[in-house]
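S.K.: Starting off with a structure, shown below.
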Amino acid sequence: MSAGIAFAREAEAVADALARYFDGLHHSDVSLLAQVFHPQAHYFSASDGHLLHLDMTQYFPIVAARPSPASQGHARTDRIVSLELAGPVTALAKVTCSIPPKAFIDLLTLVKLDGQWRIVSKVFHHQPMGAT
């Protein structure tokens, strides 16, 4: 298999994992998010002026408790901005999405374990939707 074909195959597999990530956020579906986040993943932001750091046992209940954007009729804005494969089992994705009233820019680090791409870290910034 050529390097180009291998890259394309892995990029598609990462994009599939990111699609589940976007679906999980849009529907506040923790079971989907658990498929794509590694159980030991970490979640970080400093958008509110202090470091927010959660593990998945802290993050998933927050997602489960919030009304989903889908249930409120909000349009999806998710998009893969960039995707970089740093090797056969390491990737970095920059993505955008919104959970009204906030717009998010996420930097997601993924690793491939047991044939599956999983997010091991999420570092993000949020701002009010429509802000530049």
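Each chain in the structure tokens gets a letter, A, B and so on, in the order shown; residues start at 1 in every chain, and ligands are counted from 1 in the order they appear.
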Show which residues sit within 7 Å of stretch 113-130 of chain A, as a list in words. Count only C-alpha atoms, and ignore same-chain residues fewer than 2 positions away.
M.R.: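 Once the nearby chain positions are removed, what remains is Val14, Ala17, Val36, Phe37, His38, Gln40, Ala41, His42, Tyr43, Phe44, Ser45, Ser47, Pro100, Pro101, Lys102, Ala103, Phe104, Ile105, Asp106, Leu107, Leu108, Thr109, Leu110, Val111 and Thr132 of chain A.
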S.K.: Keeping C-alpha atoms for every residue in the selection just given, could you write it to a file as a PDB file, in the first residue's frame?
M.R.:
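Okay, this is what ended up in selection34.pdb:
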```
ATOM      1  CA  VAL A  14     -10.082  10.155  11.996  1.00  0.00           C
ATOM      2  CA  ALA A  17     -14.307   9.594  14.750  1.00  0.00           C
ATOM      3  CA  VAL A  36     -14.597   8.658  20.652  1.00  0.00           C
ATOM      4  CA  PHE A  37     -12.995   9.913  23.888  1.00  0.00           C
ATOM      5  CA  HIS A  38     -10.427   7.675  25.527  1.00  0.00           C
ATOM      6  CA  GLN A  40      -8.350   8.760  30.346  1.00  0.00           C
ATOM      7  CA  ALA A  41      -8.838  11.827  28.120  1.00  0.00           C
ATOM      8  CA  HIS A  42      -8.573  15.354  29.483  1.00  0.00           C
ATOM      9  CA  TYR A  43     -10.480  18.540  28.710  1.00  0.00           C
ATOM     10  CA  PHE A  44      -8.961  22.026  29.049  1.00  0.00           C
ATOM     11  CA  SER A  45      -9.915  25.642  28.488  1.00  0.00           C
ATOM     12  CA  SER A  47     -11.585  31.056  27.937  1.00  0.00           C
ATOM     13  CA  PRO A 100     -25.605  28.141  21.484  1.00  0.00           C
ATOM     14  CA  PRO A 101     -24.957  30.700  22.702  1.00  0.00           C
ATOM     15  CA  LYS A 102     -21.264  29.781  22.351  1.00  0.00           C
ATOM     16  CA  ALA A 103     -19.040  29.064  19.365  1.00  0.00           C
ATOM     17  CA  PHE A 104     -16.095  26.729  19.945  1.00  0.00           C
ATOM     18  CA  ILE A 105     -12.668  26.161  18.441  1.00  0.00           C
ATOM     19  CA  ASP A 106     -11.383  22.766  19.588  1.00  0.00           C
ATOM     20  CA  LEU A 107      -7.877  21.373  19.291  1.00  0.00           C
ATOM     21  CA  LEU A 108      -8.246  17.617  19.572  1.00  0.00           C
ATOM     22  CA  THR A 109      -5.332  15.220  19.956  1.00  0.00           C
ATOM     23  CA  LEU A 110      -6.158  11.670  18.898  1.00  0.00           C
ATOM     24  CA  VAL A 111      -4.314   8.389  19.165  1.00  0.00           C
ATOM     25  CA  THR A 132     -14.947  37.687  15.910  1.00  0.00           C
TER      26      THR A 132
END
```
S.K.: Could you pull out the strand (DSSP E or B) residues of stretch 22-112 of chain A, going by DSSP on the backbone, and write them as a ChimeraX atom specification?
M.R.: /A:37-45,52-55,79-87,90-99,102-112
S.K.: Rounded to one decimal in Å, what is the spacing between atom CA of A:Arg66 and atom CA of A:His26?
M.R.: 10.7 Å
S.K.: Set the distance at 10 Å and use only C-alpha atoms: which residues neighbour A:Ser31 once local chain neighbours fewer than 5 positions away are removed? I'd like the list as a list in words.
M.R.: Arg20, Gly24, Val36, Phe60 and Ala64 of chain A
S.K.: Those residues you just picked out, can you put them in a file as an mmCIF file, in the first residue's frame with all heavy atoms?
M.R.:
```cif
data_model
loop_
_atom_site.group_PDB
_atom_site.id
_atom_site.type_symbol
_atom_site.label_atom_id
_atom_site.label_comp_id
_atom_site.auth_asym_id
_atom_site.auth_seq_id
_atom_site.Cartn_x
_atom_site.Cartn_y
_atom_site.Cartn_z
ATOM 1 N N ARG A 20 -18.553 11.304 14.861
ATOM 2 C CA ARG A 20 -19.211 10.828 16.083
ATOM 3 C C ARG A 20 -19.101 11.871 17.197
ATOM 4 O O ARG A 20 -20.040 12.084 17.968
ATOM 5 C CB ARG A 20 -18.627 9.487 16.539
ATOM 6 C CG ARG A 20 -19.072 8.318 15.665
ATOM 7 C CD ARG A 20 -18.731 6.958 16.274
ATOM 8 N NE ARG A 20 -17.338 6.794 16.663
ATOM 9 C CZ ARG A 20 -16.346 6.481 15.838
ATOM 10 N NH1 ARG A 20 -16.582 6.278 14.562
ATOM 11 N NH2 ARG A 20 -15.120 6.339 16.297
ATOM 12 N N GLY A 24 -22.244 13.518 18.934
ATOM 13 C CA GLY A 24 -22.394 13.449 20.383
ATOM 14 C C GLY A 24 -22.637 14.811 20.999
ATOM 15 O O GLY A 24 -23.494 14.963 21.882
ATOM 16 N N VAL A 36 -15.690 7.930 21.294
ATOM 17 C CA VAL A 36 -14.597 8.658 20.652
ATOM 18 C C VAL A 36 -13.570 9.211 21.641
ATOM 19 O O VAL A 36 -12.411 9.381 21.282
ATOM 20 C CB VAL A 36 -15.153 9.770 19.724
ATOM 21 C CG1 VAL A 36 -15.729 10.921 20.496
ATOM 22 C CG2 VAL A 36 -14.119 10.225 18.732
ATOM 23 N N PHE A 60 -18.588 14.180 31.139
ATOM 24 C CA PHE A 60 -19.781 13.533 30.587
ATOM 25 C C PHE A 60 -21.075 13.915 31.308
ATOM 26 O O PHE A 60 -22.093 14.153 30.649
ATOM 27 C CB PHE A 60 -19.612 12.021 30.534
ATOM 28 C CG PHE A 60 -18.661 11.532 29.461
ATOM 29 C CD1 PHE A 60 -18.170 10.248 29.503
ATOM 30 C CD2 PHE A 60 -18.255 12.348 28.410
ATOM 31 C CE1 PHE A 60 -17.305 9.775 28.512
ATOM 32 C CE2 PHE A 60 -17.388 11.891 27.428
ATOM 33 C CZ PHE A 60 -16.906 10.611 27.476
ATOM 34 N N ALA A 64 -24.487 15.408 29.549
ATOM 35 C CA ALA A 64 -25.766 14.714 29.720
ATOM 36 C C ALA A 64 -26.840 15.627 30.311
ATOM 37 O O ALA A 64 -28.030 15.468 30.004
ATOM 38 C CB ALA A 64 -25.577 13.484 30.602
#
```
S.K.: Which residues, written as a ChimeraX atom specification, have at least one atom at most 8 Å from A:Pro69, with only C-alpha atoms counted and residues fewer than 3 positions away on the same chain left out?
M.R.: /A:26-28,72-75,99-100
S.K.: Can you list, as a PyMOL selection string, every residue of chain A that DSSP puts in helix (DSSP H, G or I)?
M.R.: chain A and resi 3-26+30-36+56-65
S.K.: One decimal, in Å: what's the spacing between atom CA of A:Glu84 and atom CA of A:Leu54?
M.R.: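 It comes out at 24.7 Å.
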S.K.: Using only C-alpha atoms, pick whichever of A:Cys97, A:Ala13, A:Ile5, A:Leu33 has the shortest atom-to-atom distance to A:Val63.
M.R.: A:Leu33
S.K.: Atom CA of A:Ser71 and atom CA of A:Gln35 are how many Å apart?
M.R.: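 Between atom CA of A:Ser71 and atom CA of A:Gln35 the gap works out to 21.4 Å.
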S.K.: Name the closest residue to A:Val89 among the candidates A:Asp55, A:Lys112, A:Val30, A:Ile62; distances are taken between atoms, counting only C-alpha atoms.
M.R.: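 Using only C-alpha atoms, A:Val89 sits closest to A:Lys112.
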